[in-house]
Amino acid sequence: SNSSGSIFSIDSNPTPVTPGERYKLLQNPVFGRVFTDHMATARFTPGRGWHDMRIQARGEFKLDPASLVFHYAQEIFEGMKAYRMPDGSAALFRPDANARRFRSSAVRLAMEPLPEEIFLESVRALVRIDRDWIPSAEGAALYLRPFMIATEVLVGMKPSSDYLYCVVASPVGSYFKGGAPAVTLWVSENFTRAAPGGTGAAKCGGNYAASLAAQAEASREGCDQVVFLDAVERRWVEELGGMNVFFVFDDGSLQTPPLTGTILPGITRDSLIVLARDMGLTVREEPYAIDQWQADAASGRLREAFACGTAAVVTPIGKVKGRRHDLTVGDGGAGPVTMRLKAALLDIQQGRAPDPHGWMDRL
Ligand code: PLP
Ligand code: COI
């Protein structure tokens, strides 16, 4: 059944959503609530390796309740986007970087690493078959969620022998409700996200489960997102629940926390460092203390701050609150450097600008 030339066999959904219904679903979808007609799946079994690579109708899994993932959370995932280009074609943004990060997450969680070529083929094949689900509004995209779970039937404590890999796709607009011109952060003093030697640099579900109580506290305090401090000194700004963070100073330079193993190495973060340097801006990967943030906001040395990630793209940070902190960045709105970087990134991703770094994977 494989006429696509892909290593994934194609079984089209016999009852896809109608074009009229799809059109309605694509109008301003809530982030992560709407899904396409298909999914990609593959399995790993010792002795057989990776097999059963299929594109099929999106549907339920049948899993034994003793599958290891349910007990010890051996699970990893990725988040990436496909965009509609001005000529109507589809393109993925830096999928090779997601494939690489998925591999390193697998290694950290003692899971079977998925060959990067299988990862790339899975997302490409899924976007090709569900291309009509890519929204075309400014800032909208098809969000792809590759993930892998431990499926060995065992409640003994060891790495799983068997794995299920899957990719689902979800048309998305803005991550923050109302498109949020600038977000407010809550400084978590009660919780940290990741300790040295832990899983902070891996994209595993457990990190996100562990951040939910902190995020709930942020919401109760009327804030949009939690910002975590380092687990050792409780002093250095690490990242948000699902985004990296940048600071812009009065001398025009930028700073972002270094990749020391406790934060996620964001692909948006990496891309913005490159784009900022292309613009002639200085970017430092150096620790920034939360008390310094308070002082620099008050003195005016800090002009802008923003969060970045696949889901959030580039989102200005307007205010920061906490048990010991209360500050406004600049005038509390979107700053010019932030907006210039956001535009530069989106212009490449949406195919309006040249792609000098070869980031777009056109399908
Ligand atoms: N940090 C965390 C904790 C995240 O969940 C994400 C989102 O994926 C990021 C940072 C940003 O990473 P990326 O730019 O690769 O999406
Ligand atoms: C992403 O940006 O892809 C993420 O995983 C963030 C998540 C909070 C949706």
# chains A, B, ... in the order shown; residues from 1 in each chain; ligands from 1

$ residues_around --residues "A:Met339" --least-positions-apart "4" --cutoff "12 Å" --atoms "only C-alpha atoms" --output "list of chain:residue names"
A:Pro181, A:Ala182, A:Val248, A:Leu272, A:Ala276, A:Glu304, A:Ala305, A:Phe306, A:Ala307, A:Cys308, A:Val313, A:Val314, A:Thr315, A:Pro316, A:Ile317, A:Gly333, A:Ala334, A:Gly335, A:Ala343, A:Ala344, A:Leu345, A:Leu346, A:Asp347

$ closest_atom_pairs --of "chain A" --to "ligand 1" --cutoff "6 Å" --atoms "only C-alpha atoms and all ligand atoms" --output "Markdown table"
| residue | atom | partner | partner_atom_place_in_ligand_line | distance |
| --- | --- | --- | --- | --- |
| A:Gly79 | CA | ligand 1 | 8 (O) | 5.6 |
| A:Gly241 | CA | ligand 1 | 3 (C) | 5.1 |
| A:Gly242 | CA | ligand 1 | 5 (O) | 3.4 |
| A:Met243 | CA | ligand 1 | 10 (C) | 3.6 |
| A:Asn244 | CA | ligand 1 | 10 (C) | 4.4 |
| A:Leu264 | CA | ligand 1 | 1 (N) | 4.7 |
| A:Gly266 | CA | ligand 1 | 12 (O) | 3.4 |
| A:Ile267 | CA | ligand 1 | 15 (O) | 3.7 |
| A:Thr268 | CA | ligand 1 | 14 (O) | 3.5 |
| A:Arg269 | CA | ligand 1 | 14 (O) | 5.6 |
| A:Gly309 | CA | ligand 1 | 14 (O) | 3.5 |
| A:Thr310 | CA | ligand 1 | 16 (O) | 3.6 |

$ residues_near_ligand --ligand "ligand 2" --cutoff "12 Å" --atoms "only C-alpha atoms and all ligand atoms" --output "ChimeraX atom specification"
/A:30-33,76-81,98,142-147,169-170,172,174-176,202-205,207-209,211-212,215,224-226,239-244,264-269,307-315

$ residues_around --residues "A:Val320" --least-positions-apart "2" --cutoff "9 Å" --atoms "only C-alpha atoms" --output "list in words"
Val183, Thr184, Leu185, Trp186, Val187, Cys223, Val227, Gln294, Ile317, Gly318, Gly322, His325, Asp326, Leu327, Thr328 and Val329 of chain A

$ write_last_selection --atoms "C-alpha atoms" --output "short mmCIF file (atom, residue, chain, number, x, y, z; two decimals), in the first residue's frame"
data_model
loop_
_atom_site.label_atom_id
_atom_site.label_comp_id
_atom_site.auth_asym_id
_atom_site.auth_seq_id
_atom_site.Cartn_x
_atom_site.Cartn_y
_atom_site.Cartn_z
CA VAL A 183 2.48 38.20 29.44
CA THR A 184 2.89 38.36 33.21
CA LEU A 185 5.17 35.83 34.93
CA TRP A 186 5.01 34.37 38.42
CA VAL A 187 8.40 33.65 40.07
CA CYS A 223 -0.15 35.38 36.03
CA VAL A 227 9.28 31.36 35.65
CA GLN A 294 14.28 43.47 39.53
CA ILE A 317 7.12 39.69 29.01
CA GLY A 318 5.44 42.75 30.52
CA GLY A 322 6.45 36.81 43.08
CA HIS A 325 9.40 40.42 43.36
CA ASP A 326 7.23 42.88 41.49
CA LEU A 327 8.53 44.52 38.35
CA THR A 328 7.49 45.96 35.02
CA VAL A 329 9.75 45.54 31.99
#

$ select_by_dssp --residues "stretch 104-330 of chain A" --states "strand (DSSP E or B)" --output "ChimeraX atom specification"
/A:141-150,153,163-172,183-187,204,225-229,236-240,244-249,254-256,283-285,289,302-309,313-321,326-328

$ residues_around --residues "A:Glu233" --least-positions-apart "6" --cutoff "12 Å" --atoms "only C-alpha atoms" --output "PyMOL selection string"
chain A and resi 189+192+195-196+287+289-290

$ write_last_selection --atoms "N, CA and C atoms" --output "PDB file, in the first residue's frame"
ATOM      1  N   GLU A 189       8.798  30.275  43.923  1.00  0.00           N
ATOM      2  CA  GLU A 189       9.715  30.126  45.062  1.00  0.00           C
ATOM      3  C   GLU A 189       9.495  28.758  45.718  1.00  0.00           C
ATOM      4  N   THR A 192      10.905  24.104  42.014  1.00  0.00           N
ATOM      5  CA  THR A 192      11.871  24.258  40.925  1.00  0.00           C
ATOM      6  C   THR A 192      11.507  23.246  39.839  1.00  0.00           C
ATOM      7  N   ALA A 195      16.895  19.880  38.460  1.00  0.00           N
ATOM      8  CA  ALA A 195      18.140  19.983  39.228  1.00  0.00           C
ATOM      9  C   ALA A 195      19.302  19.499  38.365  1.00  0.00           C
ATOM     10  N   PRO A 196      20.538  19.901  38.713  1.00  0.00           N
ATOM     11  CA  PRO A 196      21.698  19.372  37.980  1.00  0.00           C
ATOM     12  C   PRO A 196      21.678  17.842  37.993  1.00  0.00           C
ATOM     13  N   PRO A 287      24.211  33.420  32.829  1.00  0.00           N
ATOM     14  CA  PRO A 287      23.163  33.415  33.858  1.00  0.00           C
ATOM     15  C   PRO A 287      22.724  34.836  34.208  1.00  0.00           C
ATOM     16  N   ALA A 289      20.429  36.807  37.281  1.00  0.00           N
ATOM     17  CA  ALA A 289      19.813  36.593  38.591  1.00  0.00           C
ATOM     18  C   ALA A 289      18.459  37.297  38.664  1.00  0.00           C
ATOM     19  N   ILE A 290      17.542  36.694  39.401  1.00  0.00           N
ATOM     20  CA  ILE A 290      16.203  37.275  39.512  1.00  0.00           C
ATOM     21  C   ILE A 290      16.256  38.648  40.192  1.00  0.00           C
TER      22      ILE A 290
END

$ residues_around --residues "A:Arg100" --least-positions-apart "2" --cutoff "10 Å" --atoms "only C-alpha atoms" --output "PDB file with N, CA and C atoms, in the first residue's frame"
ATOM      1  N   PRO A  95      13.150  20.597  11.145  1.00  0.00           N
ATOM      2  CA  PRO A  95      12.748  19.297  11.694  1.00  0.00           C
ATOM      3  C   PRO A  95      13.946  18.433  12.090  1.00  0.00           C
ATOM      4  N   ASP A  96      15.098  18.674  11.439  1.00  0.00           N
ATOM      5  CA  ASP A  96      16.304  17.919  11.781  1.00  0.00           C
ATOM      6  C   ASP A  96      16.721  18.203  13.227  1.00  0.00           C
ATOM      7  N   ALA A  97      16.503  19.438  13.680  1.00  0.00           N
ATOM      8  CA  ALA A  97      16.858  19.788  15.060  1.00  0.00           C
ATOM      9  C   ALA A  97      15.928  19.072  16.045  1.00  0.00           C
ATOM     10  N   ASN A  98      14.651  18.967  15.705  1.00  0.00           N
ATOM     11  CA  ASN A  98      13.718  18.218  16.568  1.00  0.00           C
ATOM     12  C   ASN A  98      14.077  16.733  16.587  1.00  0.00           C
ATOM     13  N   PHE A 102      14.980  14.727  19.923  1.00  0.00           N
ATOM     14  CA  PHE A 102      14.195  13.542  20.284  1.00  0.00           C
ATOM     15  C   PHE A 102      15.125  12.379  20.615  1.00  0.00           C
ATOM     16  N   ARG A 103      16.192  12.269  19.845  1.00  0.00           N
ATOM     17  CA  ARG A 103      17.202  11.225  20.114  1.00  0.00           C
ATOM     18  C   ARG A 103      17.845  11.426  21.467  1.00  0.00           C
ATOM     19  N   SER A 104      18.250  12.682  21.764  1.00  0.00           N
ATOM     20  CA  SER A 104      18.942  12.872  23.053  1.00  0.00           C
ATOM     21  C   SER A 104      17.974  12.719  24.216  1.00  0.00           C
ATOM     22  N   SER A 105      16.706  13.100  24.026  1.00  0.00           N
ATOM     23  CA  SER A 105      15.719  12.857  25.086  1.00  0.00           C
ATOM     24  C   SER A 105      15.586  11.352  25.333  1.00  0.00           C
ATOM     25  N   ALA A 106      15.548  10.565  24.246  1.00  0.00           N
ATOM     26  CA  ALA A 106      15.422   9.106  24.374  1.00  0.00           C
ATOM     27  C   ALA A 106      16.600   8.534  25.165  1.00  0.00           C
ATOM     28  N   PRO A 113      16.512   4.998  20.998  1.00  0.00           N
ATOM     29  CA  PRO A 113      16.508   6.201  20.155  1.00  0.00           C
ATOM     30  C   PRO A 113      15.887   5.910  18.788  1.00  0.00           C
ATOM     31  N   LEU A 114      15.023   6.814  18.348  1.00  0.00           N
ATOM     32  CA  LEU A 114      14.411   6.661  17.025  1.00  0.00           C
ATOM     33  C   LEU A 114      15.391   7.221  15.991  1.00  0.00           C
ATOM     34  N   PRO A 115      15.744   6.430  14.952  1.00  0.00           N
ATOM     35  CA  PRO A 115      16.637   6.976  13.927  1.00  0.00           C
ATOM     36  C   PRO A 115      16.058   8.287  13.361  1.00  0.00           C
ATOM     37  N   GLU A 116      16.941   9.275  13.180  1.00  0.00           N
ATOM     38  CA  GLU A 116      16.464  10.593  12.758  1.00  0.00           C
ATOM     39  C   GLU A 116      15.717  10.540  11.436  1.00  0.00           C
ATOM     40  N   PHE A 119      12.136   9.639  12.105  1.00  0.00           N
ATOM     41  CA  PHE A 119      11.445  10.817  12.646  1.00  0.00           C
ATOM     42  C   PHE A 119      11.070  11.771  11.511  1.00  0.00           C
TER      43      PHE A 119
END

$ residues_around --residues "A:Tyr165" --least-positions-apart "3" --cutoff "8 Å" --atoms "only C-alpha atoms" --output "VMD selection string"
chain A and resid 41 to 43 146 to 149

$ residues_around --residues "stretch 13-17 of chain A" --least-positions-apart "4" --cutoff "8 Å" --atoms "only C-alpha atoms" --output "number ranges by chain"
A: 21-22, 37-38, 56-58

$ write_last_selection --atoms "N, CA and C atoms" --output "CSV table (one decimal), in the first residue's frame"
chain,number,residue,atom,x,y,z
A,21,GLU,N,-16.6,21.2,7.4
A,21,GLU,CA,-16.3,21.1,8.8
A,21,GLU,C,-14.9,21.5,9.1
A,22,ARG,N,-14.0,21.1,8.3
A,22,ARG,CA,-12.6,21.4,8.5
A,22,ARG,C,-12.4,22.9,8.4
A,37,ASP,N,-6.9,14.4,10.4
A,37,ASP,CA,-7.5,13.1,10.1
A,37,ASP,C,-6.6,11.9,10.3
A,38,HIS,N,-5.3,12.1,10.3
A,38,HIS,CA,-4.3,11.0,10.4
A,38,HIS,C,-3.3,11.1,11.5
A,56,GLN,N,-2.0,6.4,9.3
A,56,GLN,CA,-3.3,5.8,9.3
A,56,GLN,C,-4.3,6.8,9.9
A,57,ALA,N,-5.6,6.4,9.9
A,57,ALA,CA,-6.6,7.3,10.5
A,57,ALA,C,-6.3,7.5,11.9
A,58,ARG,N,-6.4,8.8,12.4
A,58,ARG,CA,-6.2,9.1,13.8
A,58,ARG,C,-7.2,8.3,14.6
